[in-house]
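Structure file target35.txt with compact mmCIF, C-alpha atoms:
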```
# COMPACT_ATOMS: atom_id res chain seq x y z
CA MET A 1 3.48 -2.13 7.22
CA ARG A 2 1.41 -3.64 9.92
CA PHE A 3 1.13 -7.35 10.39
CA PHE A 4 -1.83 -9.56 11.22
CA ALA A 5 -2.35 -13.29 11.21
CA ALA A 6 -5.52 -14.51 12.88
CA ILE A 7 -8.52 -14.88 10.56
CA PRO A 8 -10.80 -12.54 12.58
CA VAL A 9 -8.16 -9.80 12.49
CA ALA A 10 -7.67 -10.19 8.76
CA ALA A 11 -11.39 -10.05 8.14
CA ALA A 12 -11.71 -6.87 10.19
CA LEU A 13 -8.82 -5.09 8.53
CA VAL A 14 -10.13 -5.65 5.03
CA SER A 15 -13.34 -3.84 5.95
CA ALA A 16 -11.72 -1.01 7.89
CA ALA A 17 -11.64 1.37 4.94
CA SER A 18 -15.42 1.61 4.86
CA VAL A 19 -15.75 2.60 8.53
CA ASP A 20 -17.20 6.09 8.97
CA LEU A 21 -15.25 7.17 12.01
CA ALA A 22 -17.35 10.24 12.62
CA SER A 23 -20.60 8.33 12.81
CA ARG A 24 -19.52 5.28 14.77
CA ASN A 25 -19.96 4.93 18.53
CA THR A 26 -16.73 3.74 20.04
CA PRO A 27 -15.67 2.61 23.52
CA LEU A 28 -12.21 4.13 22.99
CA GLU A 29 -11.24 7.72 23.69
CA VAL A 30 -7.78 8.81 22.53
CA THR A 31 -6.36 12.21 23.44
CA LEU A 32 -3.02 13.79 22.55
CA GLU A 33 -0.92 16.33 24.39
CA PRO A 34 2.53 17.75 23.65
CA THR A 35 5.46 16.94 25.89
CA GLY A 36 9.00 18.24 25.60
CA ASN A 37 10.22 19.63 22.30
CA SER A 38 8.55 17.24 19.87
CA GLY A 39 7.20 14.54 22.15
CA ILE A 40 3.58 13.42 22.16
CA LYS A 41 1.69 11.70 24.98
CA ALA A 42 -1.30 9.66 23.86
CA SER A 43 -3.86 8.69 26.50
CA LEU A 44 -6.19 5.81 25.61
CA THR A 45 -9.27 5.35 27.78
CA ASN A 46 -11.75 2.49 27.66
CA THR A 47 -15.10 4.25 28.11
CA GLY A 48 -17.07 1.04 27.54
CA ALA A 49 -18.37 -1.62 29.91
CA THR A 50 -16.19 -4.52 28.74
CA ASP A 51 -12.48 -5.21 28.43
CA LEU A 52 -10.67 -4.16 25.27
CA LYS A 53 -7.77 -6.10 23.78
CA LEU A 54 -6.31 -4.02 20.98
CA PHE A 55 -3.87 -5.16 18.30
CA LYS A 56 -0.79 -2.99 18.76
CA THR A 57 1.29 -3.36 15.61
CA GLY A 58 1.33 -0.31 13.35
CA THR A 59 -0.65 1.84 15.78
CA ILE A 60 -0.07 4.41 18.52
CA LEU A 61 0.50 1.43 20.83
CA ASP A 62 3.46 0.19 18.77
CA ASP A 63 6.92 0.88 20.22
CA THR A 64 8.60 0.78 16.80
CA PRO A 65 8.90 3.87 14.55
CA VAL A 66 5.66 3.39 12.60
CA GLU A 67 3.26 6.14 11.50
CA LYS A 68 1.30 6.86 14.68
CA VAL A 69 -0.01 10.35 13.87
CA ASP A 70 -0.32 12.84 11.03
CA VAL A 71 1.83 15.96 11.30
CA PHE A 72 1.10 19.23 9.48
CA GLN A 73 2.67 22.65 9.15
CA GLY A 74 0.81 25.48 7.47
CA GLY A 75 -1.70 23.03 6.06
CA ASP A 76 0.96 20.83 4.43
CA LYS A 77 1.38 17.26 5.63
CA ILE A 78 4.92 16.42 6.73
CA PRO A 79 6.15 13.21 5.04
CA PHE A 80 6.56 10.14 7.22
CA HIS A 81 10.08 8.67 7.52
CA GLY A 82 9.89 5.34 9.28
CA LEU A 83 8.97 1.67 9.04
CA ARG A 84 6.16 0.05 7.08
CA PHE A 85 5.62 -3.62 7.82
CA MET A 86 4.82 -6.54 5.55
CA ILE A 87 2.18 -8.78 7.06
CA ALA A 88 2.46 -12.54 7.21
CA THR A 89 -1.23 -13.23 6.65
CA SER A 90 -1.10 -16.93 7.51
CA ASN A 91 1.05 -16.61 10.62
CA ASN A 92 -0.31 -17.15 14.14
CA ILE A 93 -0.75 -14.11 16.32
CA SER A 94 0.53 -14.08 19.91
CA GLU A 95 -0.90 -12.60 23.11
CA HIS A 96 1.87 -10.03 23.42
CA ALA A 97 0.62 -8.42 20.18
CA TYR A 98 -2.42 -7.07 22.09
CA GLN A 99 -2.86 -4.32 24.67
CA ALA A 100 -5.51 -4.97 27.32
CA ILE A 101 -7.50 -1.98 28.64
CA ALA A 102 -10.09 -2.56 31.36
CA PRO A 103 -13.33 -0.52 31.57
CA GLY A 104 -12.51 2.93 32.92
CA GLN A 105 -8.76 2.33 32.60
CA THR A 106 -6.44 4.81 30.86
CA ILE A 107 -3.06 3.83 29.47
CA GLU A 108 -0.45 6.27 28.19
CA LYS A 109 2.08 6.00 25.39
CA THR A 110 4.74 8.59 24.62
CA PHE A 111 6.71 8.98 21.41
CA ASP A 112 8.75 11.62 19.59
CA VAL A 113 7.32 12.69 16.22
CA ALA A 114 10.73 14.11 15.28
CA HIS A 115 12.02 10.53 15.06
CA THR A 116 9.74 9.83 12.09
CA HIS A 117 9.12 13.29 10.63
CA ASN A 118 11.55 16.01 9.56
CA LEU A 119 10.70 18.96 11.80
CA THR A 120 13.96 20.84 11.28
CA ALA A 121 12.07 23.90 9.96
CA GLY A 122 10.91 24.51 13.52
CA GLY A 123 7.92 26.52 14.62
CA PRO A 124 4.33 25.36 15.15
CA PHE A 125 3.23 21.91 13.96
CA ASP A 126 -0.26 20.41 14.17
CA VAL A 127 -0.59 16.77 15.22
CA VAL A 128 -3.71 14.59 14.93
CA ALA A 129 -4.62 10.93 14.50
CA GLN A 130 -7.67 9.12 13.17
CA GLY A 131 -8.11 5.45 12.44
CA ALA A 132 -9.17 2.17 13.93
CA PHE A 133 -7.79 -0.58 16.11
CA VAL A 134 -8.74 -4.22 15.74
CA ASP A 135 -9.56 -6.17 18.88
CA GLN A 136 -8.79 -9.81 19.58
CA LEU A 137 -12.18 -10.91 18.25
CA GLY A 138 -11.68 -9.08 14.97
CA ASN A 139 -13.99 -6.16 15.78
CA ILE A 140 -13.07 -2.70 14.55
CA VAL A 141 -12.61 -0.07 17.28
CA PRO A 142 -12.48 3.36 15.61
CA PHE A 143 -11.03 6.50 17.16
CA ALA A 144 -10.37 10.13 16.33
CA THR A 145 -8.08 12.26 18.51
CA ASN A 146 -8.05 15.93 19.32
CA ARG A 147 -5.85 18.16 17.16
CA ILE A 148 -2.95 19.75 19.01
CA THR A 149 -0.33 22.35 18.13
CA THR A 150 3.23 22.03 19.39
CA ASN A 151 6.03 24.56 18.97
CA VAL A 152 9.24 22.82 17.95
CA ASP A 153 12.88 23.88 18.19
CA GLY A 154 14.16 22.83 14.76
CA SER A 155 17.75 22.16 15.81
CA VAL A 156 16.67 19.89 18.67
CA ALA A 157 14.26 18.08 16.35
CA ALA A 158 17.01 17.62 13.76
CA ALA A 159 19.21 15.88 16.36
CA ALA A 160 16.34 13.56 17.33
CA HIS A 161 15.65 12.73 13.69
CA ALA A 162 19.33 11.99 12.99
CA LYS A 163 19.69 9.85 16.10
CA LEU A 164 17.05 7.36 14.95
CA ARG A 165 18.51 7.15 11.45
CA GLU A 166 22.12 6.83 12.58
CA LYS A 167 21.95 3.18 13.57
CA ARG A 168 20.56 2.23 10.16
CA THR A 169 23.13 3.94 7.96
CA LEU A 170 25.86 1.61 9.30
CA ILE A 171 24.01 -1.66 8.69
CA GLN A 172 25.70 -4.07 6.26
CA SER A 173 24.02 -6.60 4.00
CA ASP A 174 24.12 -10.20 5.25
CA CYS A 175 22.30 -12.04 2.47
CA THR A 176 24.39 -15.16 1.96
CA GLY A 177 23.97 -18.83 1.08
CA SER A 178 20.42 -20.03 0.46
CA ARG A 179 18.96 -16.67 1.49
CA LEU A 180 20.98 -14.93 -1.20
CA GLU A 181 19.64 -17.36 -3.79
CA ILE A 182 16.08 -16.79 -2.59
CA ILE A 183 16.52 -13.01 -2.83
CA ARG A 184 18.00 -13.24 -6.33
CA ALA A 185 15.06 -15.35 -7.50
CA ALA A 186 12.56 -13.00 -5.84
CA LEU A 187 14.16 -9.99 -7.55
CA GLU A 188 13.90 -11.68 -10.93
CA ASP A 189 10.29 -12.78 -10.36
CA SER A 190 9.22 -9.41 -8.97
CA ARG A 191 10.81 -7.59 -11.90
CA ALA A 192 8.90 -9.84 -14.31
CA LEU A 193 5.64 -9.19 -12.42
CA ALA A 194 6.20 -5.44 -12.57
CA ILE A 195 7.04 -5.39 -16.29
CA ALA A 196 4.01 -7.51 -17.23
CA ALA A 197 1.72 -5.36 -15.07
CA GLN A 198 3.21 -2.17 -16.48
CA LYS A 199 2.32 -3.30 -20.00
CA ALA A 200 -1.14 -4.46 -18.93
CA ALA A 201 -1.91 -1.06 -17.42
CA GLY A 202 -2.07 0.31 -20.95
CA SER A 203 -3.91 -2.60 -22.54
CA ARG A 204 -6.28 -3.93 -19.86
CA PRO A 205 -8.75 -1.16 -18.97
CA ASP A 206 -10.96 -3.79 -17.31
CA LYS A 207 -8.22 -4.61 -14.80
CA MET A 208 -7.38 -0.94 -14.29
CA GLU A 209 -11.02 -0.27 -13.44
CA GLU A 210 -11.10 -3.30 -11.12
CA PHE A 211 -8.06 -2.33 -9.07
CA PHE A 212 -7.57 1.43 -9.57
CA LYS A 213 -11.20 2.44 -10.31
CA SER A 214 -10.03 4.23 -13.45
CA ALA A 215 -8.41 3.62 -16.83
CA SER A 216 -7.84 7.30 -17.59
CA ALA A 217 -4.59 8.34 -19.25
CA SER A 218 -3.32 9.99 -16.07
CA THR A 219 -4.07 6.92 -13.93
CA VAL A 220 -2.43 4.60 -16.45
CA LYS A 221 0.66 6.83 -16.52
CA THR A 222 0.95 6.86 -12.73
CA VAL A 223 0.63 3.07 -12.51
CA GLN A 224 3.09 2.49 -15.33
CA ASP A 225 5.60 4.91 -13.80
CA VAL A 226 5.42 3.20 -10.40
CA LEU A 227 5.74 -0.31 -11.83
CA GLY A 228 8.57 0.83 -14.08
CA ARG A 229 10.48 2.10 -11.06
CA VAL A 230 9.81 -1.19 -9.25
CA ALA A 231 11.34 -3.07 -12.20
CA GLU A 232 14.34 -0.74 -12.17
CA GLN A 233 14.90 -1.27 -8.45
CA CYS A 234 14.63 -5.04 -8.80
CA ASP A 235 17.22 -4.89 -11.56
CA SER A 236 19.74 -2.93 -9.50
CA MET A 237 19.22 -3.76 -5.82
CA ALA A 238 22.84 -4.90 -5.49
CA SER A 239 24.29 -1.55 -6.52
CA GLY A 240 21.41 0.88 -6.88
CA SER A 241 19.68 3.34 -4.59
CA SER A 242 17.91 0.76 -2.43
CA LYS A 243 19.11 -2.26 -0.47
CA ILE A 244 17.76 -5.56 0.83
CA TYR A 245 18.73 -7.15 4.12
CA CYS A 246 18.09 -10.73 5.16
CA SER A 247 18.05 -10.38 8.94
CA ASP A 248 16.09 -8.28 11.41
CA VAL A 249 18.42 -5.27 11.59
CA ASP A 250 15.90 -3.17 13.53
CA HIS A 251 14.76 -6.05 15.78
CA VAL A 252 11.08 -5.60 14.96
CA CYS A 253 10.15 -8.69 12.89
CA ASN A 254 8.09 -10.44 15.61
CA GLY A 255 6.61 -12.94 13.17
CA ASN A 256 6.41 -10.36 10.38
CA LEU A 257 7.25 -11.16 6.79
CA GLY A 258 9.34 -8.01 6.34
CA TYR A 259 9.40 -4.23 6.53
CA THR A 260 10.63 -1.17 4.64
CA GLN A 261 12.48 1.91 5.82
CA THR A 262 10.82 4.46 3.56
CA ASP A 263 13.26 7.37 3.44
CA THR A 264 16.62 5.56 3.65
CA ASN A 265 15.33 3.11 1.07
CA TYR A 266 16.02 -0.33 2.42
CA ILE A 267 13.90 -3.46 2.73
CA VAL A 268 14.32 -6.10 5.42
CA PHE A 269 12.93 -9.61 5.01
CA CYS A 270 12.27 -11.75 8.06
CA ASP A 271 12.50 -15.48 8.69
CA TYR A 272 8.91 -16.05 7.57
CA PHE A 273 9.72 -14.75 4.08
CA PHE A 274 12.52 -17.29 3.65
CA ASP A 275 11.05 -20.24 5.53
CA GLN A 276 7.34 -20.25 4.65
CA ALA A 277 6.34 -17.96 1.79
CA PRO A 278 6.16 -19.57 -1.68
CA ALA A 279 8.39 -18.15 -4.42
CA LEU A 280 5.79 -17.23 -7.07
CA SER A 281 2.27 -18.54 -6.80
CA SER A 282 0.15 -19.61 -9.77
CA GLU A 283 -3.03 -19.14 -7.71
CA CYS A 284 -5.06 -15.97 -7.18
CA ARG A 285 -4.40 -13.77 -4.16
CA VAL A 286 -1.71 -15.89 -2.53
CA GLN A 287 1.02 -14.07 -0.62
CA ASP A 288 4.34 -15.03 -2.18
CA ARG A 289 7.90 -13.71 -2.21
CA ALA A 290 7.67 -12.01 -5.60
CA GLY A 291 4.52 -10.11 -4.69
CA SER A 292 5.86 -9.26 -1.25
CA LEU A 293 8.98 -7.74 -2.79
CA LEU A 294 6.89 -5.76 -5.26
CA HIS A 295 4.70 -4.57 -2.39
CA GLU A 296 7.66 -3.45 -0.29
CA SER A 297 9.37 -1.82 -3.26
CA THR A 298 6.42 0.53 -3.77
CA HIS A 299 6.96 1.77 -0.19
CA LEU A 300 10.45 2.99 -1.08
CA GLY A 301 10.75 6.74 -1.40
CA VAL A 302 12.60 6.33 -4.70
CA VAL A 303 9.63 4.39 -6.13
CA LYS A 304 6.37 5.88 -4.79
CA GLY A 305 6.38 5.95 -1.00
CA THR A 306 3.03 4.14 -0.87
CA ASP A 307 0.91 3.71 2.22
CA ASP A 308 -0.97 0.69 3.62
CA TYR A 309 -3.91 2.56 5.17
CA ASN A 310 -3.87 -0.24 7.76
CA GLY A 311 -5.47 -2.65 5.32
CA TYR A 312 -4.47 -5.52 3.06
CA GLY A 313 -6.00 -8.03 0.69
CA TYR A 314 -8.29 -7.93 -2.35
CA ASP A 315 -11.43 -6.92 -0.45
CA PHE A 316 -9.63 -3.97 1.11
CA VAL A 317 -8.27 -2.93 -2.29
CA LYS A 318 -11.81 -2.96 -3.69
CA SER A 319 -13.13 -0.87 -0.80
CA LEU A 320 -10.67 2.01 -1.28
CA PRO A 321 -11.48 5.14 -3.29
CA ALA A 322 -9.49 5.69 -6.47
CA ASP A 323 -7.09 8.26 -5.01
CA LYS A 324 -6.15 5.86 -2.22
CA ASN A 325 -5.66 2.93 -4.61
CA LEU A 326 -2.98 4.92 -6.45
CA ASN A 327 -1.01 5.23 -3.21
CA HIS A 328 -1.75 1.78 -1.74
CA ALA A 329 0.98 -0.86 -1.85
CA ASP A 330 -1.32 -3.87 -1.91
CA THR A 331 -3.31 -2.47 -4.84
CA TYR A 332 -0.20 -2.62 -7.03
CA THR A 333 0.60 -6.10 -5.71
CA HIS A 334 -2.86 -7.53 -6.39
CA PHE A 335 -3.02 -5.88 -9.80
CA ALA A 336 0.33 -7.42 -10.79
CA SER A 337 -0.67 -10.81 -9.38
CA ALA A 338 -4.00 -10.76 -11.24
CA ILE A 339 -2.19 -10.07 -14.51
CA HIS A 340 0.30 -12.87 -13.82
CA VAL A 341 -2.24 -15.60 -13.02
CA SER A 342 -5.10 -14.25 -15.18
CA CYS A 343 -7.66 -13.88 -12.43
```
Please express what this file holds, its structure, as structure tokens.
Amino acid sequence: MRFFAAIPVAAALVSAASVDLASRNTPLEVTLEPTGNSGIKASLTNTGATDLKLFKTGTILDDTPVEKVDVFQGGDKIPFHGLRFMIATSNNISEHAYQAIAPGQTIEKTFDVAHTHNLTAGGPFDVVAQGAFVDQLGNIVPFATNRITTNVDGSVAAAAHAKLREKRTLIQSDCTGSRLEIIRAALEDSRALAIAAQKAAGSRPDKMEEFFKSASASTVKTVQDVLGRVAEQCDSMASGSSKIYCSDVDHVCNGNLGYTQTDTNYIVFCDYFFDQAPALSSECRVQDRAGSLLHESTHLGVVKGTDDYNGYGYDFVKSLPADKNLNHADTYTHFASAIHVSC
């Protein structure tokens, strides 16, 4: 997940889903080119007349293994294996979270798509990116890159993919003391949220329409299946197929609430989660530990592997089309919260 904190940034992100990237003028030009076996160089140019200050987290400008581009082979999208952040929406944002680009200036970022995508099949892969940055004032800066094809040596890509994952497979849990008690309570609360929401999916068509734009049998089944798997994970985190860690094992918290490693199925909670987030709110649309755990659990590959679409909050949920709601982590969170507090 990506994280944001300042009010202007939050306001911009919740409206990002409605941006028509093809029809918007933008002062940002982003081009991609292949480098090495599976490397990508992104060049970002400010074609406008004023300085840009772009929020980096969760974008091409982020140095952590987040989803920077979409990768395809033969028309099929290659699944993303990396980090999704949990945003601390009331936290203060720092200057280092932005990238400044002066008018006419070009900055370059390089990254290896084999780190976050399984390219072991080898051969040609198409790479493209489309989305939007948020600037320091909360304005949306859309972009759409060129589409490139890169020919990949599968064995070399496999080594790159394994290298990134290697450091995570050896990490041990360190949830002790008060943090262990907080996690145990959050698991219990999140499980209760998921079970109540799972039942409501079949009996509250009004809420299904509000959050998922549909109360059809297939939509209800999908929602119930996802929430059922969340409840199962919360009931067996200590010995099941997913794990929780209580310290920043990947060194990427930076004021974040937490993050999920999607394919190796672990969740990391940061200091903010333990020190500032409430346990289980009785108010509408308040970010709490139980909802945050439910949110992160949907990101797990063993649950649903949901996306964030670079947007969070009730307004963003409402702006998404139905097919996106079914794969959007915050939609499940806000649906469960609304059932819990009757809002």
Long-range neighbours of Asp63 in chain A as a PyMOL selection string, 10 Å cut-off, all atoms listed in the file, 5 positions minimum in chain: chain A and resi 56-58+68+109-111+252
Val152 in chain A surroundings by all atoms listed in the file, 6 Å radius, close-in-sequence under 5 positions cut, as a VMD selection string: chain A and resid 37 to 38 122 to 123
Close residues, His328 in chain A itself excluded, 8 Å, only C-alpha atoms, min 2 positions apart in chain, as a PyMOL selection string: chain A and resi 306-309+324-326+330-332
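Atom pair CA of His117 in chain A / CA of Phe80 in chain A: separated by 5.3 Å.
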List as a PyMOL selection string the protein and nucleic acid residues near Leu61 in chain A, meaning an atom at most 12 Å away when all atoms listed in the file are counted, but skip any in the same chain fewer than 5 places from it. chain A and resi 30+41-44+53-56+66-69+96-101+107-111+132-134
Emit the selected residues as a PDB file, in the frame of the given file, including C-alpha atoms.
```
ATOM      1  CA  VAL A  30      -7.780   8.810  22.530  1.00  0.00           C
ATOM      2  CA  LYS A  41       1.690  11.700  24.980  1.00  0.00           C
ATOM      3  CA  ALA A  42      -1.300   9.660  23.860  1.00  0.00           C
ATOM      4  CA  SER A  43      -3.860   8.690  26.500  1.00  0.00           C
ATOM      5  CA  LEU A  44      -6.190   5.810  25.610  1.00  0.00           C
ATOM      6  CA  LYS A  53      -7.770  -6.100  23.780  1.00  0.00           C
ATOM      7  CA  LEU A  54      -6.310  -4.020  20.980  1.00  0.00           C
ATOM      8  CA  PHE A  55      -3.870  -5.160  18.300  1.00  0.00           C
ATOM      9  CA  LYS A  56      -0.790  -2.990  18.760  1.00  0.00           C
ATOM     10  CA  VAL A  66       5.660   3.390  12.600  1.00  0.00           C
ATOM     11  CA  GLU A  67       3.260   6.140  11.500  1.00  0.00           C
ATOM     12  CA  LYS A  68       1.300   6.860  14.680  1.00  0.00           C
ATOM     13  CA  VAL A  69      -0.010  10.350  13.870  1.00  0.00           C
ATOM     14  CA  HIS A  96       1.870 -10.030  23.420  1.00  0.00           C
ATOM     15  CA  ALA A  97       0.620  -8.420  20.180  1.00  0.00           C
ATOM     16  CA  TYR A  98      -2.420  -7.070  22.090  1.00  0.00           C
ATOM     17  CA  GLN A  99      -2.860  -4.320  24.670  1.00  0.00           C
ATOM     18  CA  ALA A 100      -5.510  -4.970  27.320  1.00  0.00           C
ATOM     19  CA  ILE A 101      -7.500  -1.980  28.640  1.00  0.00           C
ATOM     20  CA  ILE A 107      -3.060   3.830  29.470  1.00  0.00           C
ATOM     21  CA  GLU A 108      -0.450   6.270  28.190  1.00  0.00           C
ATOM     22  CA  LYS A 109       2.080   6.000  25.390  1.00  0.00           C
ATOM     23  CA  THR A 110       4.740   8.590  24.620  1.00  0.00           C
ATOM     24  CA  PHE A 111       6.710   8.980  21.410  1.00  0.00           C
ATOM     25  CA  ALA A 132      -9.170   2.170  13.930  1.00  0.00           C
ATOM     26  CA  PHE A 133      -7.790  -0.580  16.110  1.00  0.00           C
ATOM     27  CA  VAL A 134      -8.740  -4.220  15.740  1.00  0.00           C
TER      28      VAL A 134
END
```
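Of note, CA of Ala102 in chain A and CA of Leu52 in chain A are spaced 6.3 Å apart.
With all atoms listed in the file as the atoms that count, the residue of A:Arg84, A:Lys77, A:His334, A:His115 with the shortest distance to Val268 in chain A is A:Arg84.
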